[in-house]
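Visitor: Structure: final-v7.cif, mmCIF, C-alpha atoms (C1' of nucleotides).
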data_protein
#
loop_
_atom_site.label_atom_id
_atom_site.label_comp_id
_atom_site.auth_asym_id
_atom_site.auth_seq_id
_atom_site.Cartn_x
_atom_site.Cartn_y
_atom_site.Cartn_z
CA MET A 1246 -13.10 -141.08 98.04
CA PRO A 1247 -10.74 -139.99 95.39
CA GLU A 1248 -11.06 -141.03 91.80
CA LEU A 1249 -8.46 -140.64 89.07
CA PRO A 1250 -8.31 -136.82 89.02
CA GLU A 1251 -7.84 -136.57 92.78
CA VAL A 1252 -5.21 -139.30 92.84
CA GLU A 1253 -3.41 -137.69 89.92
CA LEU A 1254 -3.30 -134.35 91.71
CA VAL A 1255 -2.18 -135.94 94.99
CA ALA A 1256 0.60 -137.80 93.19
CA ARG A 1257 1.74 -134.64 91.41
CA ALA A 1258 1.70 -132.65 94.62
CA LEU A 1259 3.62 -135.32 96.53
CA ASP A 1260 6.13 -135.63 93.73
CA LYS A 1261 6.83 -131.94 94.01
CA LEU A 1262 6.79 -131.82 97.82
CA VAL A 1263 8.60 -135.01 98.84
CA GLY A 1264 10.46 -136.01 95.68
CA GLY A 1265 14.14 -136.17 96.65
CA ARG A 1266 13.40 -136.40 100.38
CA CYS A 1267 14.63 -139.31 102.44
CA ILE A 1268 12.68 -141.28 105.04
CA LEU A 1269 14.62 -141.33 108.29
CA ALA A 1270 12.06 -143.49 110.08
CA ALA A 1271 8.53 -144.77 109.70
CA GLU A 1272 5.91 -145.41 112.31
CA ILE A 1273 2.90 -147.57 111.49
CA ARG A 1274 0.18 -147.01 114.05
CA ARG A 1275 -2.46 -149.24 112.56
CA ALA A 1276 -1.12 -152.67 111.75
CA ARG A 1277 -3.67 -153.54 109.08
CA LEU A 1278 -2.68 -150.54 106.99
CA VAL A 1279 0.33 -152.43 105.68
CA ALA A 1280 -0.91 -155.39 103.67
CA GLY A 1281 1.19 -158.53 103.83
CA SER A 1282 3.69 -157.23 106.34
CA THR A 1283 4.05 -156.39 110.00
CA PRO A 1284 4.52 -152.75 111.00
CA LYS A 1285 7.96 -153.67 112.28
CA ASP A 1286 9.13 -155.27 109.04
CA PHE A 1287 7.59 -152.51 106.98
CA SER A 1288 9.31 -149.79 109.00
CA ARG A 1289 12.64 -151.57 108.90
CA LEU A 1290 12.39 -152.04 105.15
CA ILE A 1291 11.52 -148.46 104.30
CA ARG A 1292 13.80 -146.72 106.79
CA GLY A 1293 16.64 -144.92 105.06
CA SER A 1294 14.97 -144.95 101.65
CA CYS A 1295 14.86 -141.81 99.56
CA ILE A 1296 11.89 -140.93 97.38
CA ASN A 1297 12.92 -140.65 93.75
CA CYS A 1298 9.49 -139.66 92.48
CA VAL A 1299 5.79 -140.16 93.02
CA ASN A 1300 3.55 -141.57 90.29
CA ARG A 1301 0.09 -142.97 89.83
CA ARG A 1302 -1.39 -146.13 88.34
CA GLY A 1303 -5.18 -146.22 88.33
CA LYS A 1304 -6.18 -144.97 91.75
CA HIS A 1305 -2.93 -146.18 93.33
CA ILE A 1306 -0.14 -143.82 94.34
CA LEU A 1307 3.37 -145.13 93.70
CA PHE A 1308 6.32 -143.80 95.66
CA GLU A 1309 9.43 -144.90 93.80
CA LEU A 1310 12.25 -145.31 96.29
CA ASN A 1311 15.94 -145.68 95.76
CA GLY A 1312 17.15 -149.13 96.66
CA GLY A 1313 14.66 -150.75 94.30
CA LEU A 1314 11.47 -150.57 96.32
CA VAL A 1315 8.12 -149.02 95.51
CA LEU A 1316 5.57 -147.98 98.09
CA ILE A 1317 2.07 -148.59 96.72
CA ALA A 1318 -0.64 -146.63 98.52
CA HIS A 1319 -4.38 -146.56 98.00
CA LEU A 1320 -6.51 -143.85 99.58
CA ARG A 1321 -9.79 -145.76 99.19
CA MET A 1322 -12.61 -143.65 100.59
CA SER A 1323 -11.03 -141.35 103.12
CA GLY A 1324 -7.26 -141.73 103.01
CA ARG A 1325 -5.18 -138.61 102.92
CA PHE A 1326 -1.51 -137.66 102.80
CA LEU A 1327 -0.48 -134.61 104.80
CA LEU A 1328 2.89 -132.97 105.05
CA LEU A 1329 3.23 -131.62 108.57
CA PRO A 1330 5.62 -128.92 109.68
CA PRO A 1331 7.58 -129.71 112.88
CA GLU A 1332 5.16 -128.22 115.40
CA ALA A 1333 1.89 -129.32 113.83
CA PRO A 1334 -0.19 -131.82 115.84
CA LEU A 1335 -1.03 -135.18 114.33
CA PRO A 1336 -4.48 -135.34 112.77
CA LYS A 1337 -7.10 -137.74 114.03
CA PHE A 1338 -6.87 -141.20 112.46
CA THR A 1339 -3.14 -141.00 111.79
CA HIS A 1340 -2.19 -144.49 110.68
CA ALA A 1341 1.35 -143.90 109.43
CA ILE A 1342 4.07 -141.30 109.97
CA PHE A 1343 7.14 -140.96 107.79
CA TYR A 1344 9.87 -138.79 109.31
CA LEU A 1345 11.61 -136.94 106.51
CA ASP A 1346 15.08 -135.45 106.36
CA ASP A 1347 13.75 -131.89 106.19
CA GLU A 1348 12.15 -132.01 109.66
CA ARG A 1349 8.70 -132.52 108.20
CA ARG A 1350 6.52 -135.58 108.62
CA LEU A 1351 4.55 -137.16 105.83
CA VAL A 1352 1.44 -138.51 107.50
CA PHE A 1353 -1.23 -140.89 106.25
CA SER A 1354 -4.58 -140.34 107.94
CA ASP A 1355 -7.71 -142.27 107.15
CA GLN A 1356 -11.00 -141.91 108.97
CA ARG A 1357 -12.62 -145.01 107.55
CA HIS A 1358 -9.56 -147.26 107.76
CA PHE A 1359 -9.98 -148.61 104.23
CA GLY A 1360 -6.68 -147.33 102.86
CA MET A 1361 -3.71 -149.60 102.34
CA MET A 1362 0.03 -149.51 101.80
CA LYS A 1363 2.43 -152.07 100.50
CA LEU A 1364 6.15 -152.19 99.81
CA VAL A 1365 7.19 -154.17 96.78
CA PRO A 1366 10.34 -154.59 94.69
CA ALA A 1367 10.26 -152.24 91.72
CA ALA A 1368 10.44 -155.11 89.25
CA GLN A 1369 7.30 -156.65 90.76
CA VAL A 1370 5.10 -153.56 90.96
CA HIS A 1371 3.04 -154.21 87.89
CA LYS A 1372 2.73 -157.89 88.74
CA THR A 1373 1.14 -157.28 92.13
CA LYS A 1374 -2.47 -158.25 92.54
CA GLU A 1375 -3.26 -154.58 93.05
CA LEU A 1376 -1.97 -153.49 89.67
CA ARG A 1377 -1.72 -156.45 87.35
CA ALA A 1378 -5.40 -156.68 86.43
CA LEU A 1379 -6.00 -152.95 85.98
CA ALA A 1380 -7.33 -151.75 82.66
CA PRO A 1381 -5.10 -149.49 80.52
CA GLU A 1382 -4.58 -145.95 81.71
CA PRO A 1383 -7.32 -143.75 80.24
CA PHE A 1384 -4.74 -141.35 78.80
CA SER A 1385 -2.62 -144.08 77.26
CA GLU A 1386 -2.64 -145.06 73.61
CA GLU A 1387 -4.18 -148.39 74.55
CA PHE A 1388 -7.39 -146.83 75.81
CA THR A 1389 -9.05 -146.36 72.46
CA PRO A 1390 -12.74 -146.32 71.52
CA GLN A 1391 -12.11 -149.77 70.03
CA TYR A 1392 -10.76 -151.03 73.34
CA LEU A 1393 -13.81 -149.67 75.15
CA ALA A 1394 -16.19 -151.12 72.56
CA SER A 1395 -14.75 -154.61 72.78
CA THR A 1396 -14.62 -154.46 76.59
CA LEU A 1397 -18.23 -153.39 76.87
CA ALA A 1398 -19.29 -156.00 74.32
CA ARG A 1399 -18.10 -158.74 76.68
CA SER A 1400 -19.98 -157.59 79.79
CA ARG A 1401 -23.52 -158.55 80.73
CA ARG A 1402 -23.56 -156.01 83.54
CA THR A 1403 -24.90 -152.51 83.13
CA LEU A 1404 -22.76 -149.73 81.71
CA LYS A 1405 -22.52 -148.03 85.10
CA GLU A 1406 -21.27 -151.18 86.82
CA THR A 1407 -18.86 -151.96 84.02
CA LEU A 1408 -17.38 -148.46 84.04
CA LEU A 1409 -16.74 -148.79 87.77
CA ASP A 1410 -14.88 -152.07 87.29
CA GLN A 1411 -11.20 -151.08 87.42
CA THR A 1412 -10.23 -154.08 85.31
CA LYS A 1413 -12.43 -152.73 82.49
CA VAL A 1414 -11.82 -148.99 82.76
CA THR A 1415 -9.46 -147.58 85.34
CA GLY A 1416 -9.92 -144.36 87.27
CA LEU A 1417 -13.67 -143.91 87.23
CA GLY A 1418 -15.55 -143.95 90.53
CA ASN A 1419 -19.15 -143.24 91.34
CA ILE A 1420 -18.95 -139.52 90.62
CA TYR A 1421 -17.08 -139.44 87.35
CA ALA A 1422 -18.90 -142.49 86.00
CA ALA A 1423 -22.17 -140.61 86.49
CA GLU A 1424 -20.68 -137.46 84.99
CA ALA A 1425 -19.27 -139.22 81.92
CA LEU A 1426 -22.58 -140.99 81.25
CA PHE A 1427 -24.45 -137.72 81.56
CA LEU A 1428 -22.02 -135.84 79.36
CA SER A 1429 -22.41 -138.44 76.61
CA ARG A 1430 -26.19 -138.66 77.20
CA VAL A 1431 -26.02 -142.38 77.83
CA ASN A 1432 -28.39 -144.28 80.11
CA PRO A 1433 -26.46 -145.92 83.00
CA PHE A 1434 -28.69 -149.01 83.07
CA ILE A 1435 -28.11 -150.26 79.54
CA ILE A 1436 -26.50 -153.71 79.51
CA ALA A 1437 -22.94 -153.04 78.36
CA ALA A 1438 -23.03 -155.71 75.67
CA ASP A 1439 -26.22 -154.20 74.24
CA PHE A 1440 -24.78 -150.69 74.00
CA SER A 1441 -24.72 -149.45 70.44
CA ARG A 1442 -21.20 -149.51 69.03
CA ARG A 1443 -21.93 -146.24 67.26
CA ARG A 1444 -22.25 -144.47 70.60
CA VAL A 1445 -19.08 -145.81 72.22
CA GLY A 1446 -16.95 -143.04 70.75
CA ARG A 1447 -18.96 -140.40 72.51
CA LEU A 1448 -18.80 -142.22 75.85
CA HIS A 1449 -15.06 -142.72 75.44
CA GLN A 1450 -14.56 -139.02 74.78
CA ALA A 1451 -16.75 -138.07 77.76
CA ILE A 1452 -14.62 -140.19 80.09
CA LEU A 1453 -11.49 -138.38 78.93
CA ASP A 1454 -13.27 -135.03 79.12
CA VAL A 1455 -14.46 -135.35 82.72
CA PHE A 1456 -10.98 -136.42 83.82
CA THR A 1457 -9.25 -133.64 81.91
CA GLU A 1458 -11.67 -131.02 83.15
CA SER A 1459 -11.43 -132.07 86.78
CA ILE A 1460 -7.64 -132.28 86.76
CA ALA A 1461 -7.48 -128.85 85.16
CA HIS A 1462 -9.79 -127.36 87.78
CA GLY A 1463 -8.18 -128.90 90.80
CA SER A 1464 -10.64 -131.77 91.41
CA THR A 1465 -13.64 -131.86 93.68
CA LEU A 1466 -11.75 -132.36 96.90
CA ASN A 1467 -9.24 -130.37 98.81
CA ILE A 1468 -6.41 -132.85 98.58
CA ASP A 1469 -3.50 -130.45 99.00
CA PRO A 1470 -1.05 -132.24 101.32
CA GLU A 1471 0.06 -128.91 102.74
CA ASN A 1472 -3.44 -127.79 103.62
CA ILE A 1473 -3.30 -129.55 106.95
CA ASP A 1474 -6.10 -127.66 108.66
CA GLY A 1475 -8.55 -127.63 105.81
CA SER A 1476 -11.50 -129.88 105.41
CA TYR A 1477 -11.52 -132.60 102.80
CA TYR A 1478 -14.15 -130.59 101.01
CA GLY A 1479 -13.75 -127.28 99.26
CA GLY A 1480 -11.81 -128.40 96.20
CA ALA A 1481 -11.92 -126.00 93.32
CA TYR A 1482 -14.03 -128.33 91.19
CA GLU A 1483 -16.66 -128.86 93.87
CA GLY A 1484 -20.07 -127.70 92.79
CA ARG A 1485 -19.24 -128.32 89.15
CA TRP A 1486 -20.88 -131.73 89.09
CA ARG A 1487 -23.54 -131.90 86.43
CA VAL A 1488 -25.60 -134.74 87.87
CA TYR A 1489 -23.80 -136.25 90.83
CA ASP A 1490 -25.48 -135.39 94.14
CA ARG A 1491 -28.13 -133.32 92.36
CA GLU A 1492 -31.24 -135.43 92.97
CA GLY A 1493 -34.40 -133.39 92.37
CA GLU A 1494 -32.49 -130.43 90.94
CA PRO A 1495 -33.02 -129.34 87.33
CA CYS A 1496 -30.91 -130.88 84.60
CA ILE A 1497 -28.50 -128.25 83.27
CA ALA A 1498 -29.37 -129.29 79.71
CA CYS A 1499 -33.15 -129.78 79.70
CA GLY A 1500 -34.49 -128.75 83.10
CA SER A 1501 -35.90 -132.16 84.00
CA ARG A 1502 -35.46 -133.24 87.58
CA ILE A 1503 -32.30 -135.27 88.14
CA ARG A 1504 -33.08 -138.70 89.49
CA ARG A 1505 -31.21 -140.95 91.87
CA LEU A 1506 -31.59 -144.71 91.84
CA THR A 1507 -29.79 -147.20 94.02
CA HIS A 1508 -28.10 -149.57 91.68
CA ALA A 1509 -25.62 -152.32 92.57
CA GLY A 1510 -25.54 -150.89 96.07
CA ARG A 1511 -24.62 -147.37 95.04
CA SER A 1512 -26.39 -144.18 94.13
CA THR A 1513 -26.69 -143.50 90.43
CA TYR A 1514 -27.65 -139.99 89.36
CA PHE A 1515 -28.95 -139.32 85.87
CA CYS A 1516 -31.30 -137.18 83.81
CA PRO A 1517 -34.31 -139.28 82.80
CA ARG A 1518 -34.79 -137.20 79.66
CA CYS A 1519 -31.25 -136.61 78.35
CA GLN A 1520 -30.19 -140.14 79.20
CA ARG A 1521 -33.06 -142.15 77.78
CA ARG A 1522 -32.32 -145.71 76.69
"C1'" DA B 401 -14.13 -165.57 83.39
"C1'" DC B 402 -17.92 -163.47 85.36
"C1'" DC B 403 -21.02 -161.80 88.79
"C1'" DC B 404 -23.16 -161.29 93.39
"C1'" DT B 405 -23.04 -160.25 98.38
"C1'" DC B 406 -20.72 -158.95 102.21
"C1'" DA B 407 -17.12 -156.86 104.82
"C1'" DC B 408 -13.99 -153.28 106.19
"C1'" DC B 409 -14.73 -148.25 109.45
"C1'" DT B 410 -16.33 -143.56 111.23
"C1'" DG B 411 -19.18 -139.65 110.83
"C1'" DC B 412 -22.99 -137.16 109.42
"C1'" DA B 413 -27.73 -135.93 108.01
"C1'" DC B 414 -32.14 -137.06 108.76
"C1'" DG B 415 -36.63 -138.33 110.99
"C1'" DC B 416 -38.99 -139.36 115.15
"C1'" DT C 748 -31.31 -133.42 123.00
"C1'" DG C 749 -31.03 -138.13 121.97
"C1'" DC C 750 -31.42 -142.21 119.41
"C1'" DG C 751 -31.96 -145.17 115.44
"C1'" DT C 752 -31.32 -145.51 110.41
"C1'" DG C 753 -29.24 -145.09 106.18
"C1'" DC C 754 -25.79 -143.26 103.52
"C1'" DA C 755 -20.87 -141.80 101.95
"C1'" DG C 756 -16.60 -140.74 96.44
"C1'" DG C 757 -13.50 -148.00 96.95
"C1'" DT C 758 -12.16 -152.38 96.72
"C1'" DG C 759 -11.17 -157.49 98.06
"C1'" DA C 760 -12.58 -161.98 99.62
"C1'" DG C 761 -15.40 -165.67 99.05
"C1'" DG C 762 -19.14 -167.88 97.10
"C1'" DG C 763 -21.80 -169.61 93.05
#
Output the file's structure as structure tokens, nothing else.

Guide:
Amino acid sequence: MPELPEVELVARALDKLVGGRCILAAEIRRARLVAGSTPKDFSRLIRGSCINCVNRRGKHILFELNGGLVLIAHLRMSGRFLLLPPEAPLPKFTHAIFYLDDERRLVFSDQRHFGMMKLVPAAQVHKTKELRALAPEPFSEEFTPQYLASTLARSRRTLKETLLDQTKVTGLGNIYAAEALFLSRVNPFIIAADFSRRRVGRLHQAILDVFTESIAHGSTLNIDPENIDGSYYGGAYEGRWRVYDREGEPCIACGSRIRRLTHAGRSTYFCPRCQRR
DNA sequence: ACCCTCACCTGCACGC
DNA sequence: TGCGTGCAGGTGAGGG
């Protein structure tokens, strides 16, 4: 269920915890986890690799291995990386185990089975179907208000749908899209192409602000790979949502009741007063 | 190129 | 207590 801030924090934590470690062996327990490969081939390919560093692109985690391979992982809704000490039992829904050279195991567990992993040559990473169509990184120089304005101008879908499209803006999910729209006081149901160009700057800034704030506060979820007993919930940023999951509660700005509408198959939370069309 | 629907899974909260 | 229903933070395939 992670969005950009969670994935960023997971990647940073993994970089610190497993950067420099080597993978002695890998065990894939759920075949469909590894896209485009068999568990056997995947394990054979990754065995003996050392992890140079761990990065992020969009919501994908990139393990850069020596030997010219990159492991691309996506957590989707419920995927989680855990670093288990030698005696710790495997969590439920363990789909992959990487045996490291420090006696620990890096485990991928995923209740809803939506997560995926893929090994690709380093030179091909950004040409894979997973990464090649992604929009610019929100914190890159490319992601300017002008970029956002011209992207929105070409979409006939609503702002909310367009913001969730990773080829238009990368990193937003259902929570932070709602938060960014609220913060900039923009109505989620405006057709993107009809959105006033004058207001794009404020929306652009709000996107950066919700990401920055959440990363700084430790995100909404408890994604610490070393917190192997903890629940997924209980992240430091939890409870700081301004509109998400607050249906019927008072708007923090005006006191109106926050509304929830199902839109494009997903819940959209907004303040009917602050976010008028 | 764009946009829509459905599919992938398990668990949990809710109402009866 | 049990059972049915709808919902959950993400994306890709396949169709038009």

Visitor: Residues of chain C within 9 Å of chain A, counting all atoms listed in the file - could you list those as number ranges by chain?

Guide: C: 755-758

Visitor: I'd like to see the residues matched by the PyMOL selection byres ((chain A and resi 1373) around 12) on this file, and ideally I'd get them as a PyMOL selection string.

Guide: chain A and resi 1280-1281+1305+1315-1317+1363-1372+1374-1379

Visitor: Go ahead and save the residues from that selection, with C-alpha atoms, as a PDB file, keeping the file's coordinate frame.

Guide:
ATOM      1  CA  ALA A1280      -0.910-155.390 103.670  1.00  0.00           C
ATOM      2  CA  GLY A1281       1.190-158.530 103.830  1.00  0.00           C
ATOM      3  CA  HIS A1305      -2.930-146.180  93.330  1.00  0.00           C
ATOM      4  CA  VAL A1315       8.120-149.020  95.510  1.00  0.00           C
ATOM      5  CA  LEU A1316       5.570-147.980  98.090  1.00  0.00           C
ATOM      6  CA  ILE A1317       2.070-148.590  96.720  1.00  0.00           C
ATOM      7  CA  LYS A1363       2.430-152.070 100.500  1.00  0.00           C
ATOM      8  CA  LEU A1364       6.150-152.190  99.810  1.00  0.00           C
ATOM      9  CA  VAL A1365       7.190-154.170  96.780  1.00  0.00           C
ATOM     10  CA  PRO A1366      10.340-154.590  94.690  1.00  0.00           C
ATOM     11  CA  ALA A1367      10.260-152.240  91.720  1.00  0.00           C
ATOM     12  CA  ALA A1368      10.440-155.110  89.250  1.00  0.00           C
ATOM     13  CA  GLN A1369       7.300-156.650  90.760  1.00  0.00           C
ATOM     14  CA  VAL A1370       5.100-153.560  90.960  1.00  0.00           C
ATOM     15  CA  HIS A1371       3.040-154.210  87.890  1.00  0.00           C
ATOM     16  CA  LYS A1372       2.730-157.890  88.740  1.00  0.00           C
ATOM     17  CA  LYS A1374      -2.470-158.250  92.540  1.00  0.00           C
ATOM     18  CA  GLU A1375      -3.260-154.580  93.050  1.00  0.00           C
ATOM     19  CA  LEU A1376      -1.970-153.490  89.670  1.00  0.00           C
ATOM     20  CA  ARG A1377      -1.720-156.450  87.350  1.00  0.00           C
ATOM     21  CA  ALA A1378      -5.400-156.680  86.430  1.00  0.00           C
ATOM     22  CA  LEU A1379      -6.000-152.950  85.980  1.00  0.00           C
TER      23      LEU A1379
END

Visitor: Where does the PyMOL selection byres ((chain B) within 9 of (chain A)) land in this file, that is, which residues does it pick, as a PyMOL selection string?

Guide: chain B and resi 402-403+408-411

Visitor: Report, in Å with one decimal, the straight-line distance from CA of Thr1415 (chain A) to CA of Trp1486 (chain A).

Guide: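 Atom-to-atom, CA of Thr1415 (chain A) to CA of Trp1486 (chain A), that is 19.9 Å.
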
Visitor: By how many Å are CA of Leu1314 (chain A) and CA of Leu1290 (chain A) apart?

Guide: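 These atoms are spaced 9.0 Å apart.
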
Visitor: What is the distance between CA of Ile1503 (chain A) and CA of Ala1437 (chain A), in Å to one decimal?

Guide: 22.3 Å

Visitor: Which residues, written as a list in words, have at least one atom at most 12 Å from DA760 (chain C), with all atoms listed in the file counted and residues fewer than 4 positions away on the same chain left out?

Guide: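 Once the nearby chain positions are removed, what remains is DT405, DC406, DA407 and DC408 of chain B.
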
Visitor: How would you write, as a list in words, the residues chosen by the PyMOL selection byres ((chain C and resi 753) around 9) on this structure?

Guide: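 That selection, the PyMOL selection byres ((chain C and resi 753) around 9), comes back as DC414 of chain B; DT752 and DC754 of chain C.
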
Visitor: Produce a file of the selected residues containing C-alpha atoms (C1' of nucleotides), as a CSV table (one decimal), in the coordinates of the input.

Guide:
chain,number,residue,atom,x,y,z
B,414,DC,C1',-32.1,-137.1,108.8
C,752,DT,C1',-31.3,-145.5,110.4
C,754,DC,C1',-25.8,-143.3,103.5

Visitor: Just give me the residues with any atom within 8 Å of (-17.9, -148.6, 75.2), file coordinates, counting only C-alpha atoms (C1' of nucleotides), written as a ChimeraX atom specification.

Guide: /A:1390-1398,1437,1440,1442,1444-1446,1448-1449

Visitor: List as an MDAnalysis selection string the protein and nucleic acid residues near Met1361 (chain A), meaning an atom at most 6 Å away when all atoms listed in the file are counted, but skip any in the same chain fewer than 3 places from it.

Guide: chainID A and resid 1278:1279 1318:1319

Visitor: With the input short on atoms, add all heavy atoms back to region 1500-1509 of chain A and write it as a PDB file, in the frame of the given file.

Guide:
ATOM      1  N   GLY A1500     -33.626-129.200  82.017  1.00  0.00           N
ATOM      2  CA  GLY A1500     -34.490-128.750  83.100  1.00  0.00           C
ATOM      3  C   GLY A1500     -35.269-129.841  83.811  1.00  0.00           C
ATOM      4  O   GLY A1500     -35.896-129.582  84.838  1.00  0.00           O
ATOM      5  N   SER A1501     -35.224-131.057  83.301  1.00  0.00           N
ATOM      6  CA  SER A1501     -35.900-132.160  84.000  1.00  0.00           C
ATOM      7  C   SER A1501     -35.251-132.384  85.360  1.00  0.00           C
ATOM      8  O   SER A1501     -34.092-132.040  85.569  1.00  0.00           O
ATOM      9  CB  SER A1501     -35.779-133.470  83.200  1.00  0.00           C
ATOM     10  OG  SER A1501     -36.316-133.321  81.920  1.00  0.00           O
ATOM     11  N   ARG A1502     -36.020-132.988  86.263  1.00  0.00           N
ATOM     12  CA  ARG A1502     -35.460-133.240  87.580  1.00  0.00           C
ATOM     13  C   ARG A1502     -34.490-134.423  87.532  1.00  0.00           C
ATOM     14  O   ARG A1502     -34.824-135.485  87.019  1.00  0.00           O
ATOM     15  CB  ARG A1502     -36.578-133.543  88.581  1.00  0.00           C
ATOM     16  CG  ARG A1502     -37.389-132.306  88.936  1.00  0.00           C
ATOM     17  CD  ARG A1502     -38.740-132.721  89.472  1.00  0.00           C
ATOM     18  NE  ARG A1502     -38.648-133.321  90.810  1.00  0.00           N
ATOM     19  CZ  ARG A1502     -38.694-132.622  91.939  1.00  0.00           C
ATOM     20  NH1 ARG A1502     -38.826-131.312  91.895  1.00  0.00           N
ATOM     21  NH2 ARG A1502     -38.622-133.219  93.101  1.00  0.00           N
ATOM     22  N   ILE A1503     -33.298-134.207  88.074  1.00  0.00           N
ATOM     23  CA  ILE A1503     -32.300-135.270  88.140  1.00  0.00           C
ATOM     24  C   ILE A1503     -32.802-136.354  89.082  1.00  0.00           C
ATOM     25  O   ILE A1503     -33.341-136.057  90.143  1.00  0.00           O
ATOM     26  CB  ILE A1503     -30.947-134.717  88.648  1.00  0.00           C
ATOM     27  CG1 ILE A1503     -30.401-133.659  87.691  1.00  0.00           C
ATOM     28  CG2 ILE A1503     -29.934-135.844  88.870  1.00  0.00           C
ATOM     29  CD1 ILE A1503     -30.107-134.138  86.301  1.00  0.00           C
ATOM     30  N   ARG A1504     -32.634-137.592  88.658  1.00  0.00           N
ATOM     31  CA  ARG A1504     -33.080-138.700  89.490  1.00  0.00           C
ATOM     32  C   ARG A1504     -31.908-139.447  90.096  1.00  0.00           C
ATOM     33  O   ARG A1504     -30.793-139.425  89.558  1.00  0.00           O
ATOM     34  CB  ARG A1504     -33.910-139.679  88.652  1.00  0.00           C
ATOM     35  CG  ARG A1504     -35.219-139.049  88.183  1.00  0.00           C
ATOM     36  CD  ARG A1504     -36.206-140.110  87.796  1.00  0.00           C
ATOM     37  NE  ARG A1504     -36.379-141.076  88.888  1.00  0.00           N
ATOM     38  CZ  ARG A1504     -36.897-142.302  88.722  1.00  0.00           C
ATOM     39  NH1 ARG A1504     -37.274-142.702  87.542  1.00  0.00           N
ATOM     40  NH2 ARG A1504     -37.034-143.108  89.747  1.00  0.00           N
ATOM     41  N   ARG A1505     -32.209-140.084  91.229  1.00  0.00           N
ATOM     42  CA  ARG A1505     -31.210-140.950  91.870  1.00  0.00           C
ATOM     43  C   ARG A1505     -31.824-142.314  92.055  1.00  0.00           C
ATOM     44  O   ARG A1505     -32.923-142.441  92.590  1.00  0.00           O
ATOM     45  CB  ARG A1505     -30.793-140.403  93.240  1.00  0.00           C
ATOM     46  CG  ARG A1505     -29.774-141.281  93.952  1.00  0.00           C
ATOM     47  CD  ARG A1505     -29.358-140.720  95.304  1.00  0.00           C
ATOM     48  NE  ARG A1505     -30.376-140.911  96.317  1.00  0.00           N
ATOM     49  CZ  ARG A1505     -30.446-141.990  97.113  1.00  0.00           C
ATOM     50  NH1 ARG A1505     -29.547-142.938  97.009  1.00  0.00           N
ATOM     51  NH2 ARG A1505     -31.406-142.097  97.991  1.00  0.00           N
ATOM     52  N   LEU A1506     -31.144-143.338  91.599  1.00  0.00           N
ATOM     53  CA  LEU A1506     -31.590-144.710  91.840  1.00  0.00           C
ATOM     54  C   LEU A1506     -30.448-145.461  92.511  1.00  0.00           C
ATOM     55  O   LEU A1506     -29.280-145.265  92.175  1.00  0.00           O
ATOM     56  CB  LEU A1506     -31.942-145.409  90.531  1.00  0.00           C
ATOM     57  CG  LEU A1506     -33.219-144.973  89.811  1.00  0.00           C
ATOM     58  CD1 LEU A1506     -33.419-145.826  88.564  1.00  0.00           C
ATOM     59  CD2 LEU A1506     -34.435-145.126  90.736  1.00  0.00           C
ATOM     60  N   THR A1507     -30.811-146.326  93.452  1.00  0.00           N
ATOM     61  CA  THR A1507     -29.790-147.200  94.020  1.00  0.00           C
ATOM     62  C   THR A1507     -29.618-148.389  93.099  1.00  0.00           C
ATOM     63  O   THR A1507     -30.578-149.052  92.737  1.00  0.00           O
ATOM     64  CB  THR A1507     -30.191-147.652  95.434  1.00  0.00           C
ATOM     65  OG1 THR A1507     -30.315-146.494  96.253  1.00  0.00           O
ATOM     66  CG2 THR A1507     -29.122-148.560  96.025  1.00  0.00           C
ATOM     67  N   HIS A1508     -28.386-148.587  92.717  1.00  0.00           N
ATOM     68  CA  HIS A1508     -28.100-149.570  91.680  1.00  0.00           C
ATOM     69  C   HIS A1508     -26.781-150.245  92.033  1.00  0.00           C
ATOM     70  O   HIS A1508     -25.790-149.557  92.245  1.00  0.00           O
ATOM     71  CB  HIS A1508     -28.005-148.817  90.341  1.00  0.00           C
ATOM     72  CG  HIS A1508     -27.486-149.629  89.212  1.00  0.00           C
ATOM     73  ND1 HIS A1508     -27.986-150.852  88.872  1.00  0.00           N
ATOM     74  CD2 HIS A1508     -26.495-149.378  88.323  1.00  0.00           C
ATOM     75  CE1 HIS A1508     -27.333-151.303  87.821  1.00  0.00           C
ATOM     76  NE2 HIS A1508     -26.416-150.427  87.484  1.00  0.00           N
ATOM     77  N   ALA A1509     -26.813-151.580  92.159  1.00  0.00           N
ATOM     78  CA  ALA A1509     -25.620-152.320  92.570  1.00  0.00           C
ATOM     79  C   ALA A1509     -25.057-151.747  93.872  1.00  0.00           C
ATOM     80  O   ALA A1509     -23.850-151.600  94.032  1.00  0.00           O
ATOM     81  CB  ALA A1509     -24.560-152.311  91.466  1.00  0.00           C
TER      82      ALA A1509
END
